[in-house]
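Here's the structure, in structure tokens; my notes come after.
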Amino acid sequence: MGPHRVVVLAVDGVYPFELSIPVRIFGTAAPHYEVLTCGLHDGDGGGLVRTDADFTVAVSHGRALLATAETVVIPPFVGCSDDSGEQWLPPLLSTALTELPRGVRIVSFCTAAFALAAAGLLDGRPATTHWNRAARFRAAFPGVDLRPDVLFVDDGDLLTAAGVAAGVDLCLHLVRRDHGSEVANRVARLCIVPPWRDGGQAQYVERPVPTTGSTGTAEIRAWALERLHEPLSLTSMAAHGRMSVRTFSRRFREEVGTTPLQWLTGQRVSYARRLLETTDWSVDRVAAAAGFGTGASLRLHMGAALGVSPIAYRTTFRRTD
């Protein structure tokens with residue numbers, strides 16, 4: 001069985017940074033993936049694609065390449081979230097989306113979600129886009145379950161990422177989903193990016209700048225991550241940072257975009273996932289190491305977060321190269 005083929009679709013006016021994300025992340029996960037780029041021109045030969053910068057890129061393939069894709073990634077392009085709506089779904093892109101093979105996985109970055117919504121692909125399904133365009137998106141597509149506070153949404157065969165670097169988060173998530181945390185973590189280290197960013201878009205929404213000299217919570221988070229097996233509480237974390245619970249909770253939400261206890265539970269679930277993938281430990285031992293205390297507690301939290309039991313997760317994601 002060959003590598004999973006990822007085809008990146010470059011629409012005229014594409015943003016260069018987002019265009020490069022798939023090859024940087026999936027390409028670093030070689031030999032698991034093959035990443036190719038195509039334009040919307042007819043046939044399978046190469047052509048030129050304008051970017052939103054002062055240069056044009058030459059792609060080696062035409063639209064015919066999409067018929068061979070297992071995953072298609074659509075980066076944002078100029079006009080795909082304009083208020084007029086005229087450029088949300090250019091005719092050639094509309095045609096390309098109807099020609100995609102059955103079962104293909106479709107990924108959009110940032111405002112490219114407007115194109116998927118305009119094509120009707122997101123009707124009745126959860127999705128996200130850049131927080132700055134969320135109100136416009138919701139007004140234009142009320143039938144989409146918009147989730148503007150998250151970095152990305154995974155709805156199986158349709159995945160959407162929030163603005164710009166959230167495309168990195170989503171690609172790493174797909175590597176993790178396809179091949180497990182060890183491969184995804186290796187890719188993240190090689191690309192010098194965090195394997196998982198905490199919180200969602202809420203932490204990036206424009207808000208007043210904190211007062212000069214305010215104390216952050218990064219050191220407290222690092223301290224807590226070294227003690228996931230201990231019975232950490234909101235009070236103990238606040239005390240470690242020499243803050244009141246109220247001040248700590250406020251600053252934490254401002255920086256991370258979620259509450260301290262929600263963040264802590266998420267970190268424990270992530271650690272438990274890694275242990276389930278990389279060890280033969282029993283569910284009870286994994287639960288204790290991750291700070292859940294009992295296997296029943298771990299099952300409850302993994303079920304709420306992932307929709308699967310620890311055993312089912314291990315069966316799916318534990319892989320041997």
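Residues are named by chain letter and number: chains run A, B, ... in the order of the structure tokens, numbers start at 1 in each chain, and ligands are numbered from 1 in the order shown.
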Exercise for the section: Using only C-alpha atoms, determine which residues lie at most 7 Å from Val8 (chain A), disregarding the query and same-chain residues fewer than 4 positions distant; provide the list as a PyMOL selection string. Expected result: chain A and resi 36-38+72-74
Problem - Arg227 (chain A) environment, 12 Å, only C-alpha atoms, sequence neighbours closer than 2 positions dropped, as JSON, numbers by chain - result: {"A": [220, 221, 222, 223, 224, 225, 229, 230, 231, 232, 233, 236, 237, 264, 267, 268, 271, 288, 289, 290, 291]}
Same residues, N, CA and C atoms, saved as a CSV table (one decimal), in the first residue's frame:
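And here's again_9.csv as it stands now:
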```
chain,number,residue,atom,x,y,z
A,220,ILE,N,2.9,28.3,35.6
A,220,ILE,CA,2.0,27.5,36.3
A,220,ILE,C,1.6,26.3,35.5
A,221,ARG,N,1.4,26.5,34.2
A,221,ARG,CA,1.0,25.4,33.3
A,221,ARG,C,2.1,24.4,33.2
A,222,ALA,N,3.4,24.9,33.0
A,222,ALA,CA,4.5,24.0,33.0
A,222,ALA,C,4.7,23.2,34.3
A,223,TRP,N,4.4,23.8,35.4
A,223,TRP,CA,4.5,23.2,36.7
A,223,TRP,C,3.4,22.1,36.8
A,224,ALA,N,2.2,22.4,36.3
A,224,ALA,CA,1.1,21.4,36.4
A,224,ALA,C,1.4,20.2,35.5
A,225,LEU,N,2.0,20.5,34.3
A,225,LEU,CA,2.2,19.4,33.4
A,225,LEU,C,3.2,18.3,33.9
A,229,HIS,N,-0.1,13.4,37.5
A,229,HIS,CA,-0.5,12.3,38.3
A,229,HIS,C,-1.0,12.7,39.7
A,230,GLU,N,-0.7,14.0,40.1
A,230,GLU,CA,-1.1,14.4,41.4
A,230,GLU,C,-2.5,15.0,41.4
A,231,PRO,N,-3.2,15.1,42.5
A,231,PRO,CA,-4.5,15.6,42.6
A,231,PRO,C,-4.5,17.2,42.6
A,232,LEU,N,-4.2,17.7,41.4
A,232,LEU,CA,-4.2,19.2,41.3
A,232,LEU,C,-5.5,19.8,41.4
A,233,SER,N,-5.6,21.0,41.9
A,233,SER,CA,-6.9,21.7,42.1
A,233,SER,C,-6.7,23.1,41.6
A,236,SER,N,-4.7,24.9,44.3
A,236,SER,CA,-3.2,24.6,44.3
A,236,SER,C,-2.5,25.3,43.2
A,237,MET,N,-3.1,25.3,42.0
A,237,MET,CA,-2.5,26.0,40.9
A,237,MET,C,-2.4,27.5,41.1
A,264,LEU,N,-6.7,21.4,32.3
A,264,LEU,CA,-6.1,20.3,33.0
A,264,LEU,C,-6.7,19.0,32.6
A,267,GLN,N,-5.3,18.1,29.2
A,267,GLN,CA,-3.9,17.7,29.2
A,267,GLN,C,-3.8,16.2,29.7
A,268,ARG,N,-4.7,15.9,30.7
A,268,ARG,CA,-4.7,14.5,31.2
A,268,ARG,C,-5.2,13.5,30.2
A,271,TYR,N,-2.3,13.0,27.7
A,271,TYR,CA,-1.3,12.2,28.2
A,271,TYR,C,-1.7,10.7,28.3
A,288,ALA,N,-4.2,6.2,36.5
A,288,ALA,CA,-3.5,6.8,37.7
A,288,ALA,C,-2.3,7.7,37.3
A,289,ALA,N,-1.6,7.3,36.2
A,289,ALA,CA,-0.5,8.1,35.7
A,289,ALA,C,-0.9,9.4,35.2
A,290,ALA,N,-2.1,9.5,34.6
A,290,ALA,CA,-2.6,10.7,34.0
A,290,ALA,C,-3.4,11.5,35.0
A,291,GLY,N,-3.6,11.1,36.2
A,291,GLY,CA,-4.3,11.9,37.2
A,291,GLY,C,-5.8,11.7,37.3
```
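Taking only C-alpha atoms into account, Thr315 (chain A) lies nearest to A:Gly180 out of the set A:Gly180, A:Gly39, A:Gly62, A:Gly293.
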Handout entry: Distance in Å - CA of Leu170 (chain A) versus CA of Trp263 (chain A)
Key = 18.8 Å
Where in region 135-320 of chain A does DSSP assign strand (DSSP E), given as a JSON list (two decimals) with C-alpha atoms, in the first residue's frame?
```json
[["chain", "number", "residue", "atom", "x", "y", "z"],
["A", 145, "ASP", "CA", -23.11, 24.66, 12.75],
["A", 146, "LEU", "CA", -20.41, 27.33, 13.07],
["A", 152, "PHE", "CA", -10.25, 23.40, 13.93],
["A", 153, "VAL", "CA", -13.23, 21.09, 13.52],
["A", 154, "ASP", "CA", -12.91, 17.42, 12.56],
["A", 158, "LEU", "CA", -14.83, 17.30, 6.23],
["A", 159, "LEU", "CA", -12.35, 19.28, 8.31],
["A", 160, "THR", "CA", -12.06, 23.03, 8.69],
["A", 161, "ALA", "CA", -9.33, 25.11, 10.32]]
```
Practice task
Return as an MDAnalysis selection string the full set of residues in region 46-192 of chain A whose backbone-based DSSP assignment is alpha helix (DSSP H).
Solution key: chainID A and resid 91:98 113:118 134:140 166:179 181:191
File dump, residues just selected, C-alpha atoms, as a PDB file, in the first residue's frame:
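Saved as again_21.pdb:
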```pdb
ATOM      1  CA  PRO A  91     -16.918  28.553 -11.234  1.00  0.00           C
ATOM      2  CA  LEU A  92     -13.859  26.363 -11.797  1.00  0.00           C
ATOM      3  CA  LEU A  93     -13.619  25.614  -8.076  1.00  0.00           C
ATOM      4  CA  SER A  94     -17.318  24.717  -8.011  1.00  0.00           C
ATOM      5  CA  THR A  95     -16.721  22.299 -10.879  1.00  0.00           C
ATOM      6  CA  ALA A  96     -13.667  20.816  -9.169  1.00  0.00           C
ATOM      7  CA  LEU A  97     -15.593  20.137  -5.958  1.00  0.00           C
ATOM      8  CA  THR A  98     -18.300  18.243  -7.845  1.00  0.00           C
ATOM      9  CA  ALA A 113     -14.592  27.408   4.551  1.00  0.00           C
ATOM     10  CA  PHE A 114     -16.730  30.012   2.747  1.00  0.00           C
ATOM     11  CA  ALA A 115     -16.137  28.107  -0.496  1.00  0.00           C
ATOM     12  CA  LEU A 116     -17.157  24.778   1.030  1.00  0.00           C
ATOM     13  CA  ALA A 117     -20.258  26.362   2.556  1.00  0.00           C
ATOM     14  CA  ALA A 118     -21.194  28.067  -0.714  1.00  0.00           C
ATOM     15  CA  ALA A 134     -17.422  34.455  11.843  1.00  0.00           C
ATOM     16  CA  ALA A 135     -20.334  36.906  11.948  1.00  0.00           C
ATOM     17  CA  ARG A 136     -20.309  37.211   8.155  1.00  0.00           C
ATOM     18  CA  PHE A 137     -20.171  33.440   7.779  1.00  0.00           C
ATOM     19  CA  ARG A 138     -23.050  32.844  10.179  1.00  0.00           C
ATOM     20  CA  ALA A 139     -25.220  35.423   8.394  1.00  0.00           C
ATOM     21  CA  ALA A 140     -24.483  33.907   4.984  1.00  0.00           C
ATOM     22  CA  ALA A 166      -4.499  26.820  12.674  1.00  0.00           C
ATOM     23  CA  GLY A 167      -3.843  24.981   9.417  1.00  0.00           C
ATOM     24  CA  VAL A 168      -0.688  23.658  11.063  1.00  0.00           C
ATOM     25  CA  ASP A 169      -2.737  22.463  14.038  1.00  0.00           C
ATOM     26  CA  LEU A 170      -5.206  20.693  11.763  1.00  0.00           C
ATOM     27  CA  CYS A 171      -2.525  18.976   9.674  1.00  0.00           C
ATOM     28  CA  LEU A 172      -0.793  17.739  12.827  1.00  0.00           C
ATOM     29  CA  HIS A 173      -4.168  16.502  14.059  1.00  0.00           C
ATOM     30  CA  LEU A 174      -4.612  14.520  10.855  1.00  0.00           C
ATOM     31  CA  VAL A 175      -1.142  12.995  11.207  1.00  0.00           C
ATOM     32  CA  ARG A 176      -2.058  12.082  14.783  1.00  0.00           C
ATOM     33  CA  ARG A 177      -5.401  10.643  13.651  1.00  0.00           C
ATOM     34  CA  ASP A 178      -3.805   8.663  10.835  1.00  0.00           C
ATOM     35  CA  HIS A 179      -0.612   7.448  12.495  1.00  0.00           C
ATOM     36  CA  SER A 181       0.854  10.672  18.593  1.00  0.00           C
ATOM     37  CA  GLU A 182       4.431   9.471  18.245  1.00  0.00           C
ATOM     38  CA  VAL A 183       4.562  10.280  14.536  1.00  0.00           C
ATOM     39  CA  ALA A 184       2.730  13.594  15.026  1.00  0.00           C
ATOM     40  CA  ASN A 185       5.023  14.610  17.873  1.00  0.00           C
ATOM     41  CA  ARG A 186       8.103  13.811  15.787  1.00  0.00           C
ATOM     42  CA  VAL A 187       6.766  15.979  12.952  1.00  0.00           C
ATOM     43  CA  ALA A 188       6.028  18.810  15.387  1.00  0.00           C
ATOM     44  CA  ARG A 189       9.541  18.662  16.835  1.00  0.00           C
ATOM     45  CA  LEU A 190      11.148  18.724  13.387  1.00  0.00           C
ATOM     46  CA  CYS A 191       8.982  21.696  12.362  1.00  0.00           C
TER      47      CYS A 191
END
```
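Interatomic distance, CA of Thr129 (chain A) to CA of Gly266 (chain A): 22.5 Å.
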Exercise for the section: Tell me, as JSON, numbers by chain, which residues lie within 8 Å of Thr259 (chain A), counting only C-alpha atoms; anything in the same chain fewer than 6 positions away does not count. Expected result: {"A": [249, 252, 253]}
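Nearest to Gly47 (chain A) of all the residues A:Ser309, A:Ala162, A:Ser81, A:Val11 is A:Val11, counting only C-alpha atoms.
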Exercise for the section: May I have the residues within 9 Å of Met302 (chain A) as a list in words, using only C-alpha atoms and disregarding those fewer than 4 positions away in the same chain? Expected result: Val269, Ala272, Arg273, Ser297, Leu298, Leu306, Gly307, Val308, Ser309, Pro310 and Tyr313 of chain A
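Take CA of Ile25 (chain A) and CA of Leu9 (chain A): the distance between them is 15.9 Å.
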